[in-house]
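**Student:** Please find coords_11.csv (CSV, C-alpha atoms and all ligand atoms) on the next line:
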chain,number,residue,atom,x,y,z
A,56,MET,CA,13.3,-33.5,-1.1
A,57,LYS,CA,15.5,-34.4,1.8
A,58,ILE,CA,13.9,-33.1,5.0
A,59,SER,CA,15.7,-32.9,8.4
A,60,ARG,CA,13.2,-31.7,11.1
A,61,SER,CA,14.3,-29.5,13.9
A,62,THR,CA,14.3,-31.5,17.2
A,63,GLN,CA,13.0,-28.6,19.3
A,64,SER,CA,10.8,-25.8,18.1
A,65,ARG,CA,11.6,-22.3,19.3
A,66,ILE,CA,8.0,-21.1,18.9
A,67,SER,CA,7.2,-21.1,22.6
A,68,ASP,CA,9.7,-18.2,23.0
A,69,ILE,CA,7.8,-16.0,20.6
A,70,ASN,CA,5.4,-13.3,21.5
A,71,PHE,CA,3.1,-13.1,18.5
A,72,ASP,CA,1.5,-9.9,19.9
A,73,LYS,CA,4.8,-8.1,19.5
A,74,LEU,CA,6.1,-9.0,16.1
A,75,GLU,CA,8.8,-6.8,14.7
A,76,PHE,CA,9.5,-7.0,11.0
A,77,GLY,CA,12.2,-9.7,10.1
A,78,ARG,CA,13.6,-10.2,13.6
A,79,ILE,CA,12.7,-13.8,14.3
A,80,PHE,CA,12.8,-16.9,12.0
A,81,SER,CA,10.8,-20.0,12.0
A,82,ASP,CA,12.2,-23.4,12.6
A,83,HIS,CA,13.1,-24.5,9.1
A,84,MET,CA,14.8,-23.3,6.0
A,85,PHE,CA,15.2,-24.5,2.5
A,86,GLN,CA,18.7,-24.8,0.9
A,87,ILE,CA,20.0,-25.8,-2.5
A,88,THR,CA,23.4,-25.5,-4.2
A,89,TYR,CA,24.2,-24.8,-7.8
A,90,ARG,CA,27.4,-26.5,-8.9
A,91,ASP,CA,28.8,-28.0,-12.1
A,92,GLY,CA,26.2,-26.2,-14.1
A,93,ALA,CA,23.2,-27.6,-12.3
A,94,TRP,CA,21.1,-27.3,-9.1
A,95,GLN,CA,21.9,-30.1,-6.8
A,96,GLU,CA,19.7,-31.9,-4.2
A,97,PRO,CA,17.1,-29.7,-2.5
A,98,GLU,CA,17.0,-29.9,1.2
A,99,ILE,CA,15.0,-28.6,4.2
A,100,LEU,CA,16.8,-28.3,7.4
A,101,PRO,CA,16.6,-26.6,10.8
A,102,TYR,CA,17.1,-22.8,10.6
A,103,GLY,CA,20.6,-22.0,11.6
A,104,ALA,CA,24.0,-20.5,10.8
A,105,ILE,CA,25.8,-21.5,7.6
A,106,THR,CA,29.5,-21.5,7.1
A,107,PHE,CA,31.4,-19.9,4.2
A,108,HIS,CA,34.9,-18.8,3.3
A,109,PRO,CA,36.0,-15.1,3.3
A,110,SER,CA,36.8,-15.6,-0.4
A,111,MET,CA,33.1,-16.3,-1.2
A,112,MET,CA,32.4,-14.2,-4.3
A,113,ALA,CA,29.0,-12.7,-3.2
A,114,LEU,CA,30.9,-10.8,-0.4
A,115,HIS,CA,33.3,-9.2,-2.9
A,116,TYR,CA,31.3,-8.5,-6.0
A,117,GLY,CA,27.7,-8.4,-4.9
A,118,GLN,CA,26.2,-11.2,-6.9
A,119,ALA,CA,23.2,-11.5,-4.6
A,120,ILE,CA,19.5,-11.3,-5.2
A,121,PHE,CA,16.4,-11.9,-3.1
A,122,GLU,CA,12.6,-11.9,-3.1
A,123,GLY,CA,10.1,-10.8,-0.5
A,124,MET,CA,6.8,-12.6,-0.4
A,125,LYS,CA,4.2,-13.6,2.1
A,126,ALA,CA,2.0,-16.5,3.3
A,127,TYR,CA,-1.3,-15.8,5.1
A,128,TYR,CA,-3.3,-17.7,7.6
A,129,ALA,CA,-6.5,-18.7,5.8
A,130,GLY,CA,-8.3,-20.8,8.4
A,131,GLU,CA,-7.6,-24.2,10.0
A,132,ASN,CA,-4.8,-26.1,8.2
A,133,ARG,CA,-4.8,-23.7,5.3
A,134,VAL,CA,-2.1,-21.2,4.3
A,135,ASN,CA,-2.3,-18.9,1.3
A,136,LEU,CA,0.8,-18.0,-0.7
A,137,PHE,CA,0.3,-14.8,-2.6
A,138,ARG,CA,1.4,-14.9,-6.3
A,139,PRO,CA,4.4,-17.2,-5.8
A,140,GLU,CA,4.8,-17.8,-9.6
A,141,ASP,CA,5.1,-14.0,-10.1
A,142,HIS,CA,7.7,-13.8,-7.4
A,143,LEU,CA,9.7,-16.6,-9.0
A,144,GLU,CA,9.4,-14.9,-12.4
A,145,ARG,CA,10.9,-11.7,-10.9
A,146,LEU,CA,13.6,-13.7,-9.1
A,147,ASN,CA,14.6,-15.3,-12.4
A,148,ASN,CA,14.6,-11.8,-14.1
A,149,SER,CA,16.9,-10.6,-11.3
A,150,ALA,CA,19.1,-13.7,-11.8
A,151,ARG,CA,19.5,-13.1,-15.5
A,152,ARG,CA,20.5,-9.5,-14.9
A,153,LEU,CA,23.2,-10.6,-12.5
A,154,CYS,CA,24.4,-13.7,-14.5
A,155,MET,CA,23.0,-16.1,-11.9
A,156,PRO,CA,21.2,-19.4,-12.6
A,157,GLU,CA,17.4,-19.5,-12.8
A,158,MET,CA,15.4,-21.5,-10.3
A,159,GLU,CA,12.8,-24.0,-11.5
A,160,LEU,CA,9.1,-23.4,-10.6
A,161,SER,CA,8.5,-26.9,-9.4
A,162,VAL,CA,11.4,-26.8,-7.0
A,163,PHE,CA,10.4,-23.4,-5.7
A,164,ILE,CA,6.8,-24.4,-5.1
A,165,GLU,CA,7.6,-27.7,-3.5
A,166,ALA,CA,10.1,-25.9,-1.2
A,167,LEU,CA,7.4,-23.4,-0.2
A,168,GLU,CA,4.7,-26.0,0.3
A,169,GLU,CA,7.0,-28.2,2.5
A,170,LEU,CA,8.1,-25.2,4.5
A,171,MET,CA,4.5,-24.2,5.1
A,172,LYS,CA,3.6,-27.7,6.2
A,173,LEU,CA,6.5,-27.9,8.6
A,174,ASP,CA,6.3,-24.3,10.0
A,175,TYR,CA,2.5,-23.8,9.9
A,176,PRO,CA,2.3,-22.9,13.6
A,177,TRP,CA,4.6,-19.9,12.7
A,178,VAL,CA,2.1,-18.3,10.4
A,179,PRO,CA,0.6,-15.6,12.5
A,180,ARG,CA,-3.2,-15.3,12.7
A,181,LYS,CA,-4.0,-11.7,13.2
A,182,ILE,CA,-5.1,-9.3,10.5
A,183,GLY,CA,-2.0,-7.3,9.5
A,184,GLN,CA,0.3,-10.2,10.3
A,185,ALA,CA,1.8,-12.7,7.9
A,186,LEU,CA,4.6,-15.1,7.4
A,187,TYR,CA,7.2,-13.2,5.4
A,188,ILE,CA,9.1,-15.4,3.0
A,189,ARG,CA,12.6,-14.4,2.0
A,190,PRO,CA,14.2,-16.4,-0.9
A,191,VAL,CA,17.8,-15.4,-1.4
A,192,MET,CA,20.5,-16.4,-3.9
A,193,PHE,CA,24.2,-15.6,-3.8
A,194,ALA,CA,27.5,-16.4,-5.4
A,195,SER,CA,29.3,-19.0,-3.2
A,196,GLU,CA,32.4,-19.8,-5.2
A,197,GLU,CA,35.7,-19.2,-3.5
A,198,TYR,CA,37.5,-17.0,-6.0
A,199,LEU,CA,38.7,-13.4,-6.1
A,200,ALA,CA,38.6,-12.9,-9.9
A,201,ALA,CA,35.9,-10.3,-10.7
A,202,LYS,CA,33.9,-12.6,-12.8
A,203,VAL,CA,30.7,-14.6,-12.8
A,204,SER,CA,30.7,-17.2,-10.0
A,205,ALA,CA,30.4,-20.9,-10.9
A,206,GLU,CA,28.7,-21.8,-7.7
A,207,TYR,CA,25.6,-20.5,-5.9
A,208,LYS,CA,23.5,-21.0,-2.8
A,209,PHE,CA,19.8,-20.5,-2.7
A,210,PHE,CA,17.9,-20.4,0.6
A,211,ILE,CA,14.4,-19.7,1.7
A,212,ILE,CA,13.9,-18.5,5.2
A,213,THR,CA,10.6,-17.4,6.8
A,214,SER,CA,9.7,-14.9,9.5
A,215,PRO,CA,6.4,-14.1,11.2
A,216,VAL,CA,5.8,-10.3,10.8
A,217,ALA,CA,3.4,-7.5,11.4
A,218,ALA,CA,3.6,-4.0,9.8
A,219,TYR,CA,6.9,-3.1,8.1
A,220,TYR,CA,7.1,0.6,9.2
A,221,SER,CA,7.1,1.5,12.8
A,222,GLU,CA,4.2,3.9,11.9
A,223,GLY,CA,2.1,0.7,11.4
A,224,PHE,CA,-0.7,1.7,9.1
A,225,ASN,CA,-0.4,5.4,10.0
A,226,PRO,CA,0.9,7.7,7.2
A,227,VAL,CA,4.6,7.7,6.6
A,228,SER,CA,6.7,10.7,5.6
A,229,LEU,CA,9.0,10.9,2.5
A,230,THR,CA,11.6,13.3,1.3
A,231,THR,CA,13.3,13.6,-2.1
A,232,THR,CA,17.1,14.0,-2.3
A,233,ASP,CA,19.3,16.0,-4.8
A,234,THR,CA,22.4,14.3,-3.5
A,235,PHE,CA,21.8,10.7,-4.2
A,236,VAL,CA,20.2,8.5,-6.8
A,237,ARG,CA,18.9,5.0,-6.6
A,238,ALA,CA,19.1,3.7,-10.2
A,239,VAL,CA,19.9,4.6,-13.8
A,240,ARG,CA,18.4,3.0,-16.8
A,241,GLY,CA,20.6,0.1,-17.8
A,242,GLY,CA,21.7,-0.4,-14.2
A,243,THR,CA,20.2,-2.9,-11.7
A,244,GLY,CA,17.3,-0.8,-10.5
A,245,GLU,CA,14.6,-3.2,-11.8
A,246,ALA,CA,16.3,-6.3,-10.3
A,247,LYS,CA,15.9,-7.2,-6.7
A,248,ALA,CA,19.6,-7.0,-6.2
A,249,ALA,CA,21.0,-6.8,-2.7
A,250,GLY,CA,23.3,-4.0,-3.6
A,251,ASN,CA,20.4,-1.7,-4.5
A,252,TYR,CA,19.4,-1.8,-0.9
A,253,GLY,CA,22.9,-1.3,0.6
A,254,GLY,CA,23.3,1.8,-1.6
A,255,SER,CA,20.1,3.3,-0.3
A,256,PHE,CA,21.0,3.1,3.4
A,257,LEU,CA,23.1,6.3,3.6
A,258,PRO,CA,20.4,8.5,1.9
A,259,ALA,CA,17.7,6.7,4.1
A,260,GLN,CA,19.8,7.4,7.2
A,261,GLU,CA,20.1,11.1,6.3
A,262,ALA,CA,16.3,11.3,5.6
A,263,GLY,CA,15.7,9.6,9.0
A,264,LYS,CA,17.8,12.3,10.8
A,265,LYS,CA,15.6,14.9,9.2
A,266,GLY,CA,12.5,13.1,10.5
A,267,PHE,CA,11.4,11.3,7.4
A,268,THR,CA,10.6,7.6,7.2
A,269,GLN,CA,12.1,7.0,3.7
A,270,VAL,CA,13.5,8.6,0.6
A,271,LEU,CA,11.2,9.2,-2.4
A,272,TRP,CA,13.5,8.6,-5.3
A,273,LEU,CA,13.6,10.8,-8.3
A,274,ASP,CA,15.0,9.8,-11.7
A,275,ALA,CA,18.8,9.9,-11.8
A,276,LEU,CA,19.2,12.0,-15.0
A,277,GLU,CA,17.0,15.0,-14.3
A,278,LEU,CA,16.0,14.6,-10.7
A,279,LYS,CA,12.6,15.5,-11.9
A,280,TYR,CA,10.4,12.4,-12.2
A,281,VAL,CA,9.2,10.3,-9.3
A,282,GLU,CA,10.4,6.7,-9.3
A,283,GLU,CA,9.7,4.7,-6.1
A,284,VAL,CA,10.5,4.5,-2.4
A,285,GLY,CA,13.0,1.7,-2.4
A,286,THR,CA,10.9,-0.4,0.0
A,287,MET,CA,7.7,0.1,-2.0
A,288,ASN,CA,6.3,1.5,-5.2
A,289,ILE,CA,4.3,4.8,-5.1
A,290,PHE,CA,0.8,5.7,-6.2
A,291,PHE,CA,-0.9,9.1,-6.6
A,292,LEU,CA,-4.7,9.4,-6.7
A,293,ILE,CA,-5.2,12.6,-8.7
A,294,GLY,CA,-8.8,13.5,-9.6
A,295,ASP,CA,-10.3,10.3,-10.8
A,296,LYS,CA,-7.0,8.7,-12.0
A,297,LEU,CA,-4.6,6.4,-10.2
A,298,ILE,CA,-1.1,7.2,-11.4
A,299,THR,CA,2.1,5.3,-10.8
A,300,PRO,CA,5.6,5.7,-12.4
A,301,LYS,CA,6.1,3.5,-15.5
A,302,LEU,CA,8.5,0.6,-15.4
A,303,GLU,CA,11.4,1.8,-17.6
A,304,GLY,CA,14.2,-0.2,-16.1
A,305,THR,CA,14.9,1.8,-12.9
A,306,VAL,CA,11.8,0.9,-10.8
A,307,LEU,CA,11.3,-2.4,-9.1
A,308,PRO,CA,8.3,-4.2,-10.8
A,309,GLY,CA,6.4,-4.7,-7.6
A,310,ILE,CA,3.9,-7.6,-7.3
A,311,THR,CA,1.7,-5.5,-5.0
A,312,ARG,CA,2.0,-2.7,-7.5
A,313,ARG,CA,0.7,-4.9,-10.2
A,314,SER,CA,-2.1,-6.2,-7.9
A,315,VAL,CA,-3.1,-2.6,-7.1
A,316,LEU,CA,-3.3,-1.7,-10.7
A,317,SER,CA,-5.4,-4.8,-11.5
A,318,LEU,CA,-7.9,-4.1,-8.7
A,319,ALA,CA,-8.2,-0.4,-9.5
A,320,ARG,CA,-8.9,-1.2,-13.2
A,321,ASN,CA,-11.4,-3.8,-12.1
A,322,TRP,CA,-13.2,-1.2,-10.1
A,323,GLY,CA,-13.5,0.9,-13.2
A,324,LEU,CA,-10.9,3.4,-12.2
A,325,GLU,CA,-8.7,4.9,-14.8
A,326,THR,CA,-5.0,4.0,-14.2
A,327,GLU,CA,-1.9,5.5,-15.7
A,328,GLU,CA,1.6,4.1,-15.7
A,329,ARG,CA,3.6,7.0,-16.9
A,330,LYS,CA,6.3,9.6,-16.0
A,331,ILE,CA,5.0,11.8,-13.2
A,332,SER,CA,7.2,14.7,-12.2
A,333,ILE,CA,7.5,15.8,-8.6
A,334,ASP,CA,6.3,19.2,-9.7
A,335,GLU,CA,3.1,17.7,-11.1
A,336,VAL,CA,2.5,16.1,-7.7
A,337,PHE,CA,3.0,19.4,-5.9
A,338,ASP,CA,0.9,21.3,-8.5
A,339,SER,CA,-2.0,18.8,-8.1
A,340,ALA,CA,-1.9,19.3,-4.3
A,341,GLU,CA,-2.0,23.1,-4.8
A,342,SER,CA,-4.9,22.9,-7.2
A,343,GLY,CA,-6.7,20.6,-4.9
A,344,THR,CA,-6.8,17.5,-7.2
A,345,LEU,CA,-4.4,15.4,-5.3
A,346,ARG,CA,-6.5,13.1,-3.2
A,347,GLU,CA,-4.2,10.5,-1.8
A,348,VAL,CA,-0.6,9.2,-2.0
A,349,PHE,CA,0.3,5.7,-0.9
A,350,GLY,CA,3.0,3.1,-1.3
A,351,ALA,CA,2.5,-0.5,-2.2
A,352,GLY,CA,4.9,-3.4,-1.5
A,353,THR,CA,5.0,-6.9,-0.1
A,354,ALA,CA,6.5,-5.9,3.3
A,355,ALA,CA,4.7,-2.5,3.4
A,356,VAL,CA,1.3,-3.8,1.9
A,357,ILE,CA,-0.5,-0.5,1.4
A,358,SER,CA,1.2,2.3,3.2
A,359,PRO,CA,-0.4,5.8,3.3
A,360,VAL,CA,1.9,8.7,2.8
A,361,GLY,CA,1.2,11.7,5.0
A,362,ARG,CA,4.1,14.1,4.1
A,363,ILE,CA,6.3,14.7,1.1
A,364,HIS,CA,9.2,17.1,1.4
A,365,HIS,CA,10.9,18.4,-1.8
A,366,ARG,CA,13.5,21.2,-2.0
A,367,GLY,CA,12.2,23.1,1.0
A,368,LYS,CA,8.5,22.6,0.2
A,369,GLU,CA,6.1,20.3,2.0
A,370,LEU,CA,3.1,18.7,0.4
A,371,ALA,CA,-0.2,19.2,2.3
A,372,LEU,CA,-1.6,15.8,2.8
A,373,ASP,CA,-3.6,14.2,5.6
A,374,THR,CA,-0.8,13.3,8.1
A,375,GLN,CA,-3.2,11.6,10.6
A,376,ASN,CA,-5.7,9.6,8.7
A,377,ILE,CA,-5.6,6.8,6.1
A,378,GLY,CA,-7.2,7.9,2.9
A,379,PRO,CA,-10.4,6.1,2.0
A,380,PHE,CA,-9.0,4.8,-1.3
A,381,ALA,CA,-5.8,3.4,0.3
A,382,MET,CA,-8.0,1.8,3.0
A,383,LYS,CA,-10.3,0.2,0.4
A,384,MET,CA,-7.2,-1.1,-1.5
A,385,PHE,CA,-5.7,-2.4,1.7
A,386,GLU,CA,-8.9,-4.2,2.6
A,387,ALA,CA,-9.4,-5.6,-0.9
A,388,ILE,CA,-5.8,-7.0,-1.1
A,389,THR,CA,-5.7,-8.4,2.4
A,390,SER,CA,-9.1,-10.0,2.3
A,391,LEU,CA,-8.0,-11.8,-0.9
A,392,GLN,CA,-4.7,-12.8,0.8
A,393,TYR,CA,-6.4,-14.1,4.0
A,394,GLY,CA,-9.0,-16.0,1.8
A,395,LYS,CA,-11.9,-13.9,3.0
A,396,THR,CA,-13.0,-13.0,-0.6
A,397,GLU,CA,-13.0,-15.2,-3.6
A,398,ASP,CA,-9.8,-15.1,-5.6
A,399,THR,CA,-11.1,-14.4,-9.2
A,400,TYR,CA,-7.6,-13.3,-10.2
A,401,GLY,CA,-5.7,-16.5,-9.7
A,402,TRP,CA,-3.3,-14.9,-7.3
A,403,ILE,CA,-3.7,-17.2,-4.4
A,404,HIS,CA,-1.8,-20.5,-4.1
A,405,PRO,CA,-3.5,-22.3,-1.2
A,406,VAL,CA,-1.5,-24.9,0.7
A,407,ASP,CA,-3.3,-27.6,2.7
A,408,VAL,CA,-1.1,-28.1,5.7
A,409,GLY,CA,-3.3,-30.6,7.5
B,501,LIG,C1,9.5,-6.5,0.3
B,501,LIG,O1,8.6,-5.7,0.3
B,501,LIG,O2,9.3,-7.7,0.5
B,501,LIG,C2,10.9,-6.0,0.2
B,501,LIG,O3,11.7,-6.8,-0.2
B,501,LIG,C3,11.2,-4.7,0.7
B,501,LIG,C4,12.2,-4.9,1.8
B,501,LIG,C5,13.5,-4.2,1.7
B,501,LIG,C6,11.7,-5.2,3.2
Kindly transcribe the structure held in the file into structure tokens.
Ligand code: COI

**Tutor:**
Amino acid sequence: MKISRSTQSRISDINFDKLEFGRIFSDHMFQITYRDGAWQEPEILPYGAITFHPSMMALHYGQAIFEGMKAYYAGENRVNLFRPEDHLERLNNSARRLCMPEMELSVFIEALEELMKLDYPWVPRKIGQALYIRPVMFASEEYLAAKVSAEYKFFIITSPVAAYYSEGFNPVSLTTTDTFVRAVRGGTGEAKAAGNYGGSFLPAQEAGKKGFTQVLWLDALELKYVEEVGTMNIFFLIGDKLITPKLEGTVLPGITRRSVLSLARNWGLETEERKISIDEVFDSAESGTLREVFGAGTAAVISPVGRIHHRGKELALDTQNIGPFAMKMFEAITSLQYGKTEDTYGWIHPVDVG
């Protein structure tokens, strides 16, 4: 792999005690171009602006996908990548849905390992912090026909981050909407397509104006079943069961979602991936069986939910405190990620950066 090192690091300008999500970027980035039916030479170069033509197809027809993953400081000269193979599998699923080329595992892993070695000082060291990794692929052919692009760019950029929501680890508030939908079966809801996010900004903005952190999406056909939050998957602890919406084509198959289910099952908890109506959630709160609600995602990690609003009704949840189950899950996942507990799941990809 061709590596051009940055001549001057920007790291001394960074206040690692005040990290905002996705605002600053480490010194290097990975880049590869797909042309003539094949990925060309991979390259690492200093992070910086790229040039493109206004006729670049991604801008016009939205052939753009991304991933969100993290690397964790795991002691001197060691960085832990969390489930990179699973992230690549999801990237390639997204690529297939949008008629884009798949990326090879060996190229992806080498790119990540080299980036970690070069930008190791950018991996933040405090609990709750991580180096967020954003792989992104987009159509780069200059052409205005509404068709599949023949050329693509793939980048990996990294960003030291703390908590995703401004609430930190405090409970977030969610509202459903009857006006908008996120995804329909057969659409692109289960792909990590850039357009899924762009389409959710107006509803999220309206939710924000009403004082909510995010939208809790309901299914598009009946506006009845809970789907996800857009920036994370959703979990309900009802009685002794951990319930999360089933993946039926409209929900993003979260890697953290999968990790939560595995951990919970390993602890002997009964888990259910099924349709769960918003009425069932409210009924369980009324009958006193709803114990906790939390979201799970790479950026959000485990994020407790303190309020849910639906058609004029508010769910009575603990708006101040993190539930004990969400806390236990957060601690279990993060201690695996930071290498504090032994990884018996095979989720950690350690990188020796020494
Ligand atoms: C992630 O959790 O990594 C995501 O991609 C969600 C995001 C929009 C920040």

**Student:** Have a look at A:Phe193, A:Tyr280, A:Phe121, A:Phe209 and name the one nearest to ligand LIG 501 (chain B); count all atoms listed in the file.

**Tutor:** A:Phe121

**Student:** Residues within 7 Å of region 373-386 of chain A, please, as an MDAnalysis selection string. Count only C-alpha atoms; anything in the same chain fewer than 6 positions from it doesn't count.

**Tutor:** chainID A and resid 225:226 347 349 357 359 361:362

**Student:** What does the distance between CA of Val348 (chain A) and CA of Trp322 (chain A) come to in Å, to one decimal place?

**Tutor:**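 Atom-to-atom, CA of Val348 (chain A) and CA of Trp322 (chain A) are spaced 18.2 Å apart.
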
**Student:** If we count all atoms listed in the file, what is near Gly323 (chain A) at a cut-off of 12 Å, once residues fewer than 3 positions away on the same chain are taken out, given as a PyMOL selection string?

**Tutor:** chain A and resi 295-297+316-320+326

**Student:** Got a sec to check which residues lie within 9 Å of ligand LIG 501 (chain B), using all atoms listed in the file, and send them as an mmCIF file with C-alpha atoms, in the frame of the given file?

**Tutor:**
data_model
loop_
_atom_site.group_PDB
_atom_site.id
_atom_site.type_symbol
_atom_site.label_atom_id
_atom_site.label_comp_id
_atom_site.auth_asym_id
_atom_site.auth_seq_id
_atom_site.Cartn_x
_atom_site.Cartn_y
_atom_site.Cartn_z
ATOM 1 C CA PHE A 76 9.500 -7.000 11.000
ATOM 2 C CA GLY A 77 12.200 -9.700 10.100
ATOM 3 C CA PHE A 121 16.400 -11.900 -3.100
ATOM 4 C CA GLU A 122 12.600 -11.900 -3.100
ATOM 5 C CA GLY A 123 10.100 -10.800 -0.500
ATOM 6 C CA MET A 124 6.800 -12.600 -0.400
ATOM 7 C CA LYS A 125 4.200 -13.600 2.100
ATOM 8 C CA TYR A 187 7.200 -13.200 5.400
ATOM 9 C CA ILE A 188 9.100 -15.400 3.000
ATOM 10 C CA ARG A 189 12.600 -14.400 2.000
ATOM 11 C CA TYR A 219 6.900 -3.100 8.100
ATOM 12 C CA LYS A 247 15.900 -7.200 -6.700
ATOM 13 C CA TYR A 252 19.400 -1.800 -0.900
ATOM 14 C CA GLY A 285 13.000 1.700 -2.400
ATOM 15 C CA THR A 286 10.900 -0.400 0.000
ATOM 16 C CA MET A 287 7.700 0.100 -2.000
ATOM 17 C CA GLY A 309 6.400 -4.700 -7.600
ATOM 18 C CA THR A 311 1.700 -5.500 -5.000
ATOM 19 C CA ALA A 351 2.500 -0.500 -2.200
ATOM 20 C CA GLY A 352 4.900 -3.400 -1.500
ATOM 21 C CA THR A 353 5.000 -6.900 -0.100
ATOM 22 C CA ALA A 354 6.500 -5.900 3.300
ATOM 23 C CA ALA A 355 4.700 -2.500 3.400
ATOM 24 C CA VAL A 356 1.300 -3.800 1.900
#

**Student:** Do a neighbour search on region 171-184 of chain A at 7 Å with all atoms listed in the file, toss out local chain neighbours closer than 6 positions, and write the hits as a compact mmCIF listing (two decimals) with C-alpha atoms, in the coordinates of the input.

**Tutor:**
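Below is the file out-v6.txt, written as the result:
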# COMPACT_ATOMS: atom_id res chain seq x y z
CA PHE A 71 3.10 -13.10 18.50
CA SER A 81 10.80 -20.00 12.00
CA ASP A 82 12.20 -23.40 12.60
CA HIS A 83 13.10 -24.50 9.10
CA TYR A 127 -1.30 -15.80 5.10
CA TYR A 128 -3.30 -17.70 7.60
CA PRO A 215 6.40 -14.10 11.20
CA VAL A 216 5.80 -10.30 10.80
CA ALA A 217 3.40 -7.50 11.40
CA ALA A 218 3.60 -4.00 9.80
CA VAL A 408 -1.10 -28.10 5.70

**Student:** What lies within 9 Å of Tyr393 (chain A) using all atoms listed in the file, ignoring chain neighbours under 4 positions off, as a VMD selection string?

**Tutor:** chain A and resid 126 to 130 134 to 135 182 388 to 389

**Student:** Can you work out the spacing between CA of Leu136 (chain A) and CA of Pro308 (chain A) in Å, to one decimal?

**Tutor:**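 Computing it gives 18.7 Å between the two atoms.
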
**Student:** In the coordinate frame of the file, compute which residues have an atom within 9 Å of (18.9, 11.9, -10.3) when using all atoms listed in the file, and state them as number ranges by chain.

**Tutor:** A: 232-239, 272-280

**Student:** May I ask for the distance between CA of Asp91 (chain A) and CA of Glu245 (chain A), given in Å to one decimal place?

**Tutor:**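 About the pair CA of Asp91 (chain A) and CA of Glu245 (chain A): they are 28.6 Å apart.
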
**Student:** With all atoms listed in the file as the basis for distance, which of A:Pro190, A:Gly103, A:Pro300, A:Gly253 is at the shortest distance from Asn147 (chain A)?

**Tutor:**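 Under the stated criterion, the closest residue is A:Pro190.
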
**Student:** Restricting the calculation to all atoms listed in the file, which member of A:Gly92, A:Pro101, A:Gly294, A:Gly394 is positioned closest to Ile211 (chain A)?

**Tutor:** A:Pro101

**Student:** Considering all atoms listed in the file, can you say which of A:His404, A:His115, A:Lys368, A:Arg60 comes closest to Glu197 (chain A)?

**Tutor:**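 Looking only at the distances to Glu197 (chain A), the closest residue turns out to be A:His115.
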
**Student:** I need every residue sitting at most 6 Å from the point (20.3, -10.3, -2.3) (coordinates as in the file, all atoms listed in the file considered), written as a ChimeraX atom specification.

**Tutor:** /A:119-121,191,248-249

**Student:** List the neighbours of region 204-207 of chain A out to 8 Å using only C-alpha atoms; skip same-chain residues closer than 4 positions along the sequence, and give me the result as an NGL selection string.

**Tutor:** :A and (88-92 or 112 or 155 or 192-196 or 198)

**Student:** Can you work out which one of A:Ser110, A:Gln260, A:Thr305, A:Thr268 has the shortest atom-to-atom distance to Glu222 (chain A), counting only C-alpha atoms?

**Tutor:**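 Selected residue with least distance to Glu222 (chain A): A:Thr268.
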
**Student:** Pick the closest to Ser339 (chain A) from A:Leu324, A:Leu370, A:Phe210, A:Ala185: which is it, counting all atoms listed in the file?

**Tutor:**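 Answer, going by the shortest atom-to-atom distance: A:Leu370.
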